[in-house]
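Written below as structure tokens is the structure these notes are about.
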There are 2 protein chains.
Amino acid sequence: MIKTLQQINTVAEMREHIQTARMQGKRIGIVPTMGYLHEGHLSLVRAAREKCDVVVMSIFVNPLQFGPNEDFDRYPRDLERDRALADQAGVDVLFTPDVSEMYPRKILTNISVSNVTNPLCGRSRPGHFDGVATVVMKLFQIVQPDYAFFGQKDAQQVAVVTQMVQDLNVPVQIVPCPIIREADGLAMSSRNVYLTPEERAQALVLSHSLSLAEKWLREGVTIEEVRGRVIDIISEKPLAAIEYVEILSYPELEPLEQAVSGTTLILALAVRFGKTRLIDNWIGTI
Amino acid sequence: MIKTLQQINTVAEMREHIQTARMQGKRIGIVPTMGYLHEGHLSLVRAAREKCDVVVMSIFVNPLQFGPNEDFDRYPRDLERDRALADQAGVDVLFTPDVSEMYPRKILTNISVSNVTNPLCGRSRPGHFDGVATVVMKLFQIVQPDYAFFGQKDAQQVAVVTQMVQDLNVPVQIVPCPIIREADGLAMSSRNVYLTPEERAQALVLSHSLSLAEKWLREGVTIEEVRGRVIDIISEKPLAAIEYVEILSYPELEPLEQAVSGTTLILALAVRFGKTRLIDNWIGTI
């Protein structure tokens, strides 16, 4: 029997479909995405395939998590290509609601998570994580998954969603999955298509500096010194404009005086190359 | 077979119990309460009994929805009595978590609903409805009910919870139930036990003025005139201190210039008698 990918556009149909699967005792996994799929998303599907009987991928470019001057309108979209990739990777159901299906009227309810949203992208993108938390909660209520798969490239997003799920007793297990990189080290991102060849070449400094930083941290170089060196390396690239370079505890995302042995930390960075904002991070225990 | 009320104190046990019921295809109803049950709560249980196979009542005095100078500590509690009443009324499962079970660590996630929380109790009790929305969401995630039953005495609470459930696609149907009154008209409330006999007697002015107001509104008296008359009547009682008397659209809770025929509105009031804050309302279509 050839099983084909089923595409569902409405909340009502999605609920109905999942209700049937649930009554059959199936384990349901969701891979929430904004589409324009790359190997990072597909690695989430493979992780979901291993744990779940039914793998739902949502594709929804969520206006709520974009700031007024951000790239909501030009965010890359290619549903035909996404559908083929999702099908090959083993997605069972592709949930592709449009904006009016997800927000049929002005949404008055907001979910906000404090503390973990204070630094990093939470600081530079006000309201972003409220938008993320709110749409992820909606997807969880619609699909009612047992597992949800998120990439660690968006490490702060993982921290926010994990905190929300714990705080609100949402019956879903969050499964963080490793960053997937191009052969030359660039972290995969739908936004990489924005980069000019020159920007693309200079952006390699991000993964390169993270590798060096890991080495230095393991050698016992102080956090402030490592942070300073990473800033210096990135600043040498003429097209790079640093938004932040931070070393924090993980997953609490709190400042660290000095990491003692056994501390789990994140070195997270956001850097603009031209109009394109890239993020990358390294999480590890030193 | 005599079916006895089952009491559950932990989230894990509650989930397990409901999982079994759900796999058997049973319809689950929740009656969220803060305990110290009265006929109003029991009417919700009876409504739940009609629609559902499994009726869960939660009893949890939620610190998150009390302000710093409110009556969290002295809020009346009597679990033995509540258990007997719940059993008689037909509750299957009494969910009685303690504060550390519901908030095992500092909660960082907040749910807020705008617009409908602006007037009335939302204005006089800042943060109250965030606390309500957040705990109700937690209960919905723990119990995963098909139906949830709320009394219309807390009309703004019904509006907030209904809005939240719509906005976040929570798969639960909110069932508002009519206000239950004492024989002399006083709306039932766990807080009525606070009243001295003198306060209790004067508090009858609330239901009395609502009855008059309904009559006047149906006769075509203007909203501002009706509001003024209600304020005058209540103010005649020496122990009454008005917090608000408002006539708004329902369920939007927006100001009304003048109600045209067919408008559904709420006349809502909050009045203190001594240390006791009472609320009451009339909702109707004129």
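Following the order of the structure tokens, first chain is A, next is B, and so on, with residues numbered from 1 inside each chain and ligands from 1 in the order they appear.
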Exercise for the section: Write out as a PyMOL selection string every residue belonging to chain A that has an atom at most 6 Å from any atom of chain B, counting only C-alpha atoms. Expected result: chain A and resi 107-114+138+141+164+167-170
Handout entry: Distance query B:Trp216 at most 12 Å, only C-alpha atoms, self and fewer than 2 positions along chain excluded, as a list in words
Key =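 Here the answer would be Ser209, Leu210, Ser211, Leu212, Ala213, Glu214, Arg218, Glu219, Gly220, Val221, Thr222, Ile223, Glu224, Glu225, Val226, Arg227, Gly228, Arg229, Val230, Leu267 and Ile286 of chain B.
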If you keep N, CA and C atoms, can you produce a file of those selected residues as a PDB file, in the first residue's frame?
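Final output, out.pdb:
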ATOM      1  N   SER B 209     -32.313  45.719  43.159  1.00  0.00           N
ATOM      2  CA  SER B 209     -32.069  46.795  42.180  1.00  0.00           C
ATOM      3  C   SER B 209     -31.905  46.214  40.770  1.00  0.00           C
ATOM      4  N   LEU B 210     -31.363  45.002  40.647  1.00  0.00           N
ATOM      5  CA  LEU B 210     -31.246  44.377  39.317  1.00  0.00           C
ATOM      6  C   LEU B 210     -32.626  44.076  38.731  1.00  0.00           C
ATOM      7  N   SER B 211     -33.546  43.634  39.597  1.00  0.00           N
ATOM      8  CA  SER B 211     -34.912  43.363  39.114  1.00  0.00           C
ATOM      9  C   SER B 211     -35.576  44.636  38.603  1.00  0.00           C
ATOM     10  N   LEU B 212     -35.412  45.689  39.400  1.00  0.00           N
ATOM     11  CA  LEU B 212     -35.992  46.977  38.979  1.00  0.00           C
ATOM     12  C   LEU B 212     -35.352  47.448  37.670  1.00  0.00           C
ATOM     13  N   ALA B 213     -34.047  47.299  37.591  1.00  0.00           N
ATOM     14  CA  ALA B 213     -33.322  47.754  36.404  1.00  0.00           C
ATOM     15  C   ALA B 213     -33.809  47.023  35.161  1.00  0.00           C
ATOM     16  N   GLU B 214     -34.015  45.715  35.290  1.00  0.00           N
ATOM     17  CA  GLU B 214     -34.515  44.951  34.146  1.00  0.00           C
ATOM     18  C   GLU B 214     -35.856  45.522  33.680  1.00  0.00           C
ATOM     19  N   ARG B 218     -36.543  47.323  30.065  1.00  0.00           N
ATOM     20  CA  ARG B 218     -37.592  46.808  29.162  1.00  0.00           C
ATOM     21  C   ARG B 218     -38.630  47.879  28.852  1.00  0.00           C
ATOM     22  N   GLU B 219     -38.799  48.831  29.784  1.00  0.00           N
ATOM     23  CA  GLU B 219     -39.741  49.942  29.555  1.00  0.00           C
ATOM     24  C   GLU B 219     -39.130  51.037  28.690  1.00  0.00           C
ATOM     25  N   GLY B 220     -37.830  50.929  28.411  1.00  0.00           N
ATOM     26  CA  GLY B 220     -37.190  51.902  27.525  1.00  0.00           C
ATOM     27  C   GLY B 220     -36.478  53.040  28.236  1.00  0.00           C
ATOM     28  N   VAL B 221     -36.335  52.944  29.540  1.00  0.00           N
ATOM     29  CA  VAL B 221     -35.559  53.960  30.251  1.00  0.00           C
ATOM     30  C   VAL B 221     -34.106  53.896  29.741  1.00  0.00           C
ATOM     31  N   THR B 222     -33.450  55.037  29.613  1.00  0.00           N
ATOM     32  CA  THR B 222     -32.096  55.037  29.037  1.00  0.00           C
ATOM     33  C   THR B 222     -31.111  54.347  29.978  1.00  0.00           C
ATOM     34  N   ILE B 223     -30.051  53.853  29.375  1.00  0.00           N
ATOM     35  CA  ILE B 223     -29.014  53.151  30.113  1.00  0.00           C
ATOM     36  C   ILE B 223     -28.421  54.019  31.219  1.00  0.00           C
ATOM     37  N   GLU B 224     -28.136  55.278  30.894  1.00  0.00           N
ATOM     38  CA  GLU B 224     -27.531  56.143  31.900  1.00  0.00           C
ATOM     39  C   GLU B 224     -28.479  56.409  33.050  1.00  0.00           C
ATOM     40  N   GLU B 225     -29.763  56.563  32.707  1.00  0.00           N
ATOM     41  CA  GLU B 225     -30.775  56.794  33.744  1.00  0.00           C
ATOM     42  C   GLU B 225     -30.914  55.565  34.655  1.00  0.00           C
ATOM     43  N   VAL B 226     -30.958  54.396  34.046  1.00  0.00           N
ATOM     44  CA  VAL B 226     -31.090  53.160  34.831  1.00  0.00           C
ATOM     45  C   VAL B 226     -29.875  53.009  35.748  1.00  0.00           C
ATOM     46  N   ARG B 227     -28.700  53.238  35.176  1.00  0.00           N
ATOM     47  CA  ARG B 227     -27.470  53.110  35.958  1.00  0.00           C
ATOM     48  C   ARG B 227     -27.514  54.061  37.167  1.00  0.00           C
ATOM     49  N   GLY B 228     -27.952  55.288  36.907  1.00  0.00           N
ATOM     50  CA  GLY B 228     -28.035  56.279  37.978  1.00  0.00           C
ATOM     51  C   GLY B 228     -29.015  55.862  39.069  1.00  0.00           C
ATOM     52  N   ARG B 229     -30.163  55.335  38.651  1.00  0.00           N
ATOM     53  CA  ARG B 229     -31.169  54.914  39.636  1.00  0.00           C
ATOM     54  C   ARG B 229     -30.653  53.765  40.499  1.00  0.00           C
ATOM     55  N   VAL B 230     -29.955  52.811  39.849  1.00  0.00           N
ATOM     56  CA  VAL B 230     -29.407  51.667  40.600  1.00  0.00           C
ATOM     57  C   VAL B 230     -28.384  52.161  41.630  1.00  0.00           C
ATOM     58  N   LEU B 267     -25.988  44.185  33.123  1.00  0.00           N
ATOM     59  CA  LEU B 267     -25.875  45.174  34.189  1.00  0.00           C
ATOM     60  C   LEU B 267     -25.103  44.451  35.283  1.00  0.00           C
ATOM     61  N   ILE B 286     -32.761  43.157  25.393  1.00  0.00           N
ATOM     62  CA  ILE B 286     -33.910  44.079  25.510  1.00  0.00           C
ATOM     63  C   ILE B 286     -34.420  44.463  24.129  1.00  0.00           C
TER      64      ILE B 286
END
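When only C-alpha atoms are used to measure the gap to B:Asn69, the shortest distance among B:Pro126, B:Pro178, B:Phe273, B:Ile266 belongs to B:Pro126.
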Exercise for the section: Write out as a PyMOL selection string all residues of stretch 198-240 of chain B that DSSP puts in alpha helix (DSSP H) for this structure's backbone. Expected result: chain B and resi 198-202+204-219+223-235
Handout entry: Contact residues around B:Asp78 with only C-alpha atoms at 9 Å, ignoring same-chain residues under 5 positions, as a PyMOL selection string
Key = chain B and resi 35-37+83
Problem - DSSP strand (DSSP E or B) residues within stretch 120-245 of chain A, as a list in words - result: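 Answer for stretch 120-245 of chain A restricted to strand (DSSP E or B) is Tyr147, Ala148, Phe149, Phe150, Gly151, Gln173, Ile174, Val175, Pro176, Cys177, Arg181, Ala187, Ala240, Ala241, Ile242, Glu243, Tyr244 and Val245 of chain A.
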Exercise for the section: Show which residues sit within 12 Å of A:His38, as a list in words. Count only C-alpha atoms, and ignore same-chain residues fewer than 3 positions away. Expected result: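 Near neighbours after the sequence-gap exclusion: Thr33, Met34, Gly35, His41, Leu42, Ser43, Leu44, Val45, Pro76, Asp78, Arg81, Asp82, Arg83, Ala84, Leu85, Ala86, Ala89, Gly151, Ile179, Ile180, Arg181, Glu182, Ala187, Met188, Ser189, Ser190, Arg191, Asn192 and Val193 of chain A.
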Write the residues of the selection above to a file with N, CA and C atoms, as a tab-separated table (two decimals), in the first residue's frame.
chain	number	residue	atom	x	y	z
A	33	THR	N	6.49	24.15	11.76
A	33	THR	CA	7.45	24.88	10.92
A	33	THR	C	6.78	26.10	10.29
A	34	MET	N	7.63	26.95	9.73
A	34	MET	CA	7.11	28.05	8.90
A	34	MET	C	7.39	27.73	7.42
A	35	GLY	N	7.68	26.46	7.12
A	35	GLY	CA	7.87	26.05	5.73
A	35	GLY	C	9.21	26.46	5.16
A	41	HIS	N	14.62	20.89	9.17
A	41	HIS	CA	13.23	20.46	9.38
A	41	HIS	C	13.09	18.95	9.16
A	42	LEU	N	13.76	18.45	8.13
A	42	LEU	CA	13.58	17.04	7.78
A	42	LEU	C	14.19	16.13	8.85
A	43	SER	N	15.22	16.63	9.53
A	43	SER	CA	15.79	15.85	10.64
A	43	SER	C	14.77	15.75	11.79
A	44	LEU	N	13.95	16.79	11.95
A	44	LEU	CA	12.89	16.74	12.97
A	44	LEU	C	11.84	15.69	12.60
A	45	VAL	N	11.53	15.63	11.31
A	45	VAL	CA	10.56	14.62	10.85
A	45	VAL	C	11.09	13.22	11.12
A	76	PRO	N	10.43	33.46	2.81
A	76	PRO	CA	10.30	32.59	1.63
A	76	PRO	C	9.23	31.51	1.80
A	78	ASP	N	7.27	28.19	-0.41
A	78	ASP	CA	7.19	27.34	-1.60
A	78	ASP	C	6.49	26.05	-1.21
A	81	ARG	N	7.14	22.61	-3.26
A	81	ARG	CA	8.42	22.00	-2.92
A	81	ARG	C	8.36	21.40	-1.50
A	82	ASP	N	7.78	22.16	-0.57
A	82	ASP	CA	7.67	21.68	0.81
A	82	ASP	C	6.88	20.37	0.87
A	83	ARG	N	5.81	20.31	0.10
A	83	ARG	CA	4.96	19.13	0.15
A	83	ARG	C	5.74	17.89	-0.32
A	84	ALA	N	6.51	18.06	-1.38
A	84	ALA	CA	7.31	16.94	-1.89
A	84	ALA	C	8.35	16.51	-0.85
A	85	LEU	N	9.02	17.48	-0.25
A	85	LEU	CA	10.05	17.15	0.75
A	85	LEU	C	9.43	16.48	1.97
A	86	ALA	N	8.29	17.00	2.42
A	86	ALA	CA	7.63	16.44	3.60
A	86	ALA	C	7.20	15.00	3.32
A	89	ALA	N	10.13	12.68	3.38
A	89	ALA	CA	10.72	12.52	4.72
A	89	ALA	C	9.83	11.67	5.62
A	151	GLY	N	13.95	22.41	16.59
A	151	GLY	CA	15.39	22.46	16.36
A	151	GLY	C	16.09	23.34	17.39
A	179	ILE	N	21.20	21.05	15.93
A	179	ILE	CA	21.33	21.95	14.77
A	179	ILE	C	21.89	21.15	13.59
A	180	ILE	N	21.32	21.36	12.42
A	180	ILE	CA	21.83	20.74	11.20
A	180	ILE	C	22.56	21.83	10.40
A	181	ARG	N	23.78	21.48	9.93
A	181	ARG	CA	24.61	22.48	9.26
A	181	ARG	C	24.90	22.09	7.82
A	182	GLU	N	25.16	23.08	6.99
A	182	GLU	CA	25.69	22.82	5.65
A	182	GLU	C	27.07	22.18	5.82
A	187	ALA	N	24.77	27.09	9.77
A	187	ALA	CA	23.55	26.48	10.31
A	187	ALA	C	22.43	26.64	9.29
A	188	MET	N	21.69	25.55	9.06
A	188	MET	CA	20.61	25.63	8.07
A	188	MET	C	19.51	26.56	8.57
A	189	SER	N	18.99	27.35	7.65
A	189	SER	CA	17.92	28.30	7.95
A	189	SER	C	17.20	28.63	6.67
A	190	SER	N	15.89	28.78	6.77
A	190	SER	CA	15.12	29.20	5.58
A	190	SER	C	15.59	30.56	5.11
A	191	ARG	N	16.14	31.34	6.02
A	191	ARG	CA	16.57	32.70	5.66
A	191	ARG	C	17.91	32.72	4.94
A	192	ASN	N	18.61	31.58	4.87
A	192	ASN	CA	19.90	31.58	4.17
A	192	ASN	C	19.75	31.96	2.69
A	193	VAL	N	18.59	31.72	2.12
A	193	VAL	CA	18.39	32.08	0.69
A	193	VAL	C	18.48	33.59	0.46
Handout entry: Pairwise distance for atom CA of B:His208 and atom CA of B:Gly185, rounded to one decimal in Å
Key = 7.4 Å
Practice task
Write out as a ChimeraX atom specification the residues lying within 10 Å of A:Thr10, counting only C-alpha atoms and excluding same-chain residues fewer than 6 positions away.
Solution key: /A:95-98,101-102,142
If you keep all heavy atoms, can you produce a file of those selected residues as a PDB file, in the first residue's frame?
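What follows is the written file part13.pdb:
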ATOM      1  N   PHE A  95      -0.295  20.105   7.810  1.00  0.00           N
ATOM      2  CA  PHE A  95      -1.348  21.039   8.241  1.00  0.00           C
ATOM      3  C   PHE A  95      -0.961  22.431   7.765  1.00  0.00           C
ATOM      4  O   PHE A  95       0.042  22.987   8.220  1.00  0.00           O
ATOM      5  CB  PHE A  95      -1.486  20.979   9.763  1.00  0.00           C
ATOM      6  CG  PHE A  95      -2.552  21.889  10.320  1.00  0.00           C
ATOM      7  CD1 PHE A  95      -3.833  21.927   9.777  1.00  0.00           C
ATOM      8  CD2 PHE A  95      -2.280  22.708  11.411  1.00  0.00           C
ATOM      9  CE1 PHE A  95      -4.816  22.761  10.303  1.00  0.00           C
ATOM     10  CE2 PHE A  95      -3.255  23.543  11.954  1.00  0.00           C
ATOM     11  CZ  PHE A  95      -4.521  23.572  11.387  1.00  0.00           C
ATOM     12  N   THR A  96      -1.726  22.958   6.839  1.00  0.00           N
ATOM     13  CA  THR A  96      -1.365  24.225   6.182  1.00  0.00           C
ATOM     14  C   THR A  96      -2.519  25.219   6.251  1.00  0.00           C
ATOM     15  O   THR A  96      -3.107  25.567   5.230  1.00  0.00           O
ATOM     16  CB  THR A  96      -1.009  23.965   4.701  1.00  0.00           C
ATOM     17  OG1 THR A  96      -2.089  23.208   4.108  1.00  0.00           O
ATOM     18  CG2 THR A  96       0.272  23.191   4.556  1.00  0.00           C
ATOM     19  N   PRO A  97      -2.834  25.661   7.456  1.00  0.00           N
ATOM     20  CA  PRO A  97      -3.911  26.652   7.586  1.00  0.00           C
ATOM     21  C   PRO A  97      -3.448  27.995   7.049  1.00  0.00           C
ATOM     22  O   PRO A  97      -2.248  28.299   7.080  1.00  0.00           O
ATOM     23  CB  PRO A  97      -4.118  26.733   9.102  1.00  0.00           C
ATOM     24  CG  PRO A  97      -2.762  26.441   9.671  1.00  0.00           C
ATOM     25  CD  PRO A  97      -2.144  25.430   8.746  1.00  0.00           C
ATOM     26  N   ASP A  98      -4.372  28.813   6.557  1.00  0.00           N
ATOM     27  CA  ASP A  98      -3.959  30.178   6.218  1.00  0.00           C
ATOM     28  C   ASP A  98      -4.199  31.095   7.420  1.00  0.00           C
ATOM     29  O   ASP A  98      -4.696  30.648   8.468  1.00  0.00           O
ATOM     30  CB  ASP A  98      -4.629  30.674   4.930  1.00  0.00           C
ATOM     31  CG  ASP A  98      -6.137  30.806   5.063  1.00  0.00           C
ATOM     32  OD1 ASP A  98      -6.647  30.802   6.202  1.00  0.00           O
ATOM     33  OD2 ASP A  98      -6.805  30.927   4.024  1.00  0.00           O
ATOM     34  N   GLU A 101      -7.608  31.263   8.897  1.00  0.00           N
ATOM     35  CA  GLU A 101      -8.037  30.045   9.594  1.00  0.00           C
ATOM     36  C   GLU A 101      -7.475  30.024  11.022  1.00  0.00           C
ATOM     37  O   GLU A 101      -8.157  29.612  11.958  1.00  0.00           O
ATOM     38  CB  GLU A 101      -7.567  28.809   8.823  1.00  0.00           C
ATOM     39  CG  GLU A 101      -7.976  27.470   9.423  1.00  0.00           C
ATOM     40  CD  GLU A 101      -9.471  27.174   9.355  1.00  0.00           C
ATOM     41  OE1 GLU A 101     -10.193  27.875   8.602  1.00  0.00           O
ATOM     42  OE2 GLU A 101      -9.921  26.253  10.067  1.00  0.00           O
ATOM     43  N   MET A 102      -6.253  30.503  11.177  1.00  0.00           N
ATOM     44  CA  MET A 102      -5.625  30.516  12.502  1.00  0.00           C
ATOM     45  C   MET A 102      -6.099  31.701  13.335  1.00  0.00           C
ATOM     46  O   MET A 102      -6.178  31.622  14.562  1.00  0.00           O
ATOM     47  CB  MET A 102      -4.103  30.536  12.374  1.00  0.00           C
ATOM     48  CG  MET A 102      -3.523  29.208  11.911  1.00  0.00           C
ATOM     49  SD  MET A 102      -3.771  27.846  13.113  1.00  0.00           S
ATOM     50  CE  MET A 102      -2.388  28.118  14.213  1.00  0.00           C
ATOM     51  N   ILE A 142      -4.895  22.228  18.766  1.00  0.00           N
ATOM     52  CA  ILE A 142      -5.560  21.714  17.559  1.00  0.00           C
ATOM     53  C   ILE A 142      -5.147  20.265  17.291  1.00  0.00           C
ATOM     54  O   ILE A 142      -5.973  19.409  17.025  1.00  0.00           O
ATOM     55  CB  ILE A 142      -5.215  22.607  16.335  1.00  0.00           C
ATOM     56  CG1 ILE A 142      -5.804  24.013  16.531  1.00  0.00           C
ATOM     57  CG2 ILE A 142      -5.720  21.982  15.032  1.00  0.00           C
ATOM     58  CD1 ILE A 142      -5.238  25.064  15.582  1.00  0.00           C
TER      59      ILE A 142
END
Problem - Selected residue of minimal separation from A:Ala21 among A:Asp53, A:Glu198, A:Asp87, A:Glu243, counting only C-alpha atoms - result: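 Closest to A:Ala21 of all the choices is A:Asp53.
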Problem - Distance criterion (only C-alpha atoms): nearest to B:Leu248 out of B:Leu64, B:Leu206, B:Cys121, B:Ile283 - result: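 Nearest candidate to B:Leu248 out of B:Leu64, B:Leu206, B:Cys121, B:Ile283: B:Ile283.
Between atom CA of B:Ile279 and atom CA of B:Pro238 lies a distance of 17.6 Å.
Closest approach to B:Gln6 from the set B:Val61, B:Val93, B:Val31, B:Ala240 is made by B:Val93, with distances taken over only C-alpha atoms.
Note that the spacing between atom CA of B:Cys177 and atom CA of B:Glu252 amounts to 18.0 Å.
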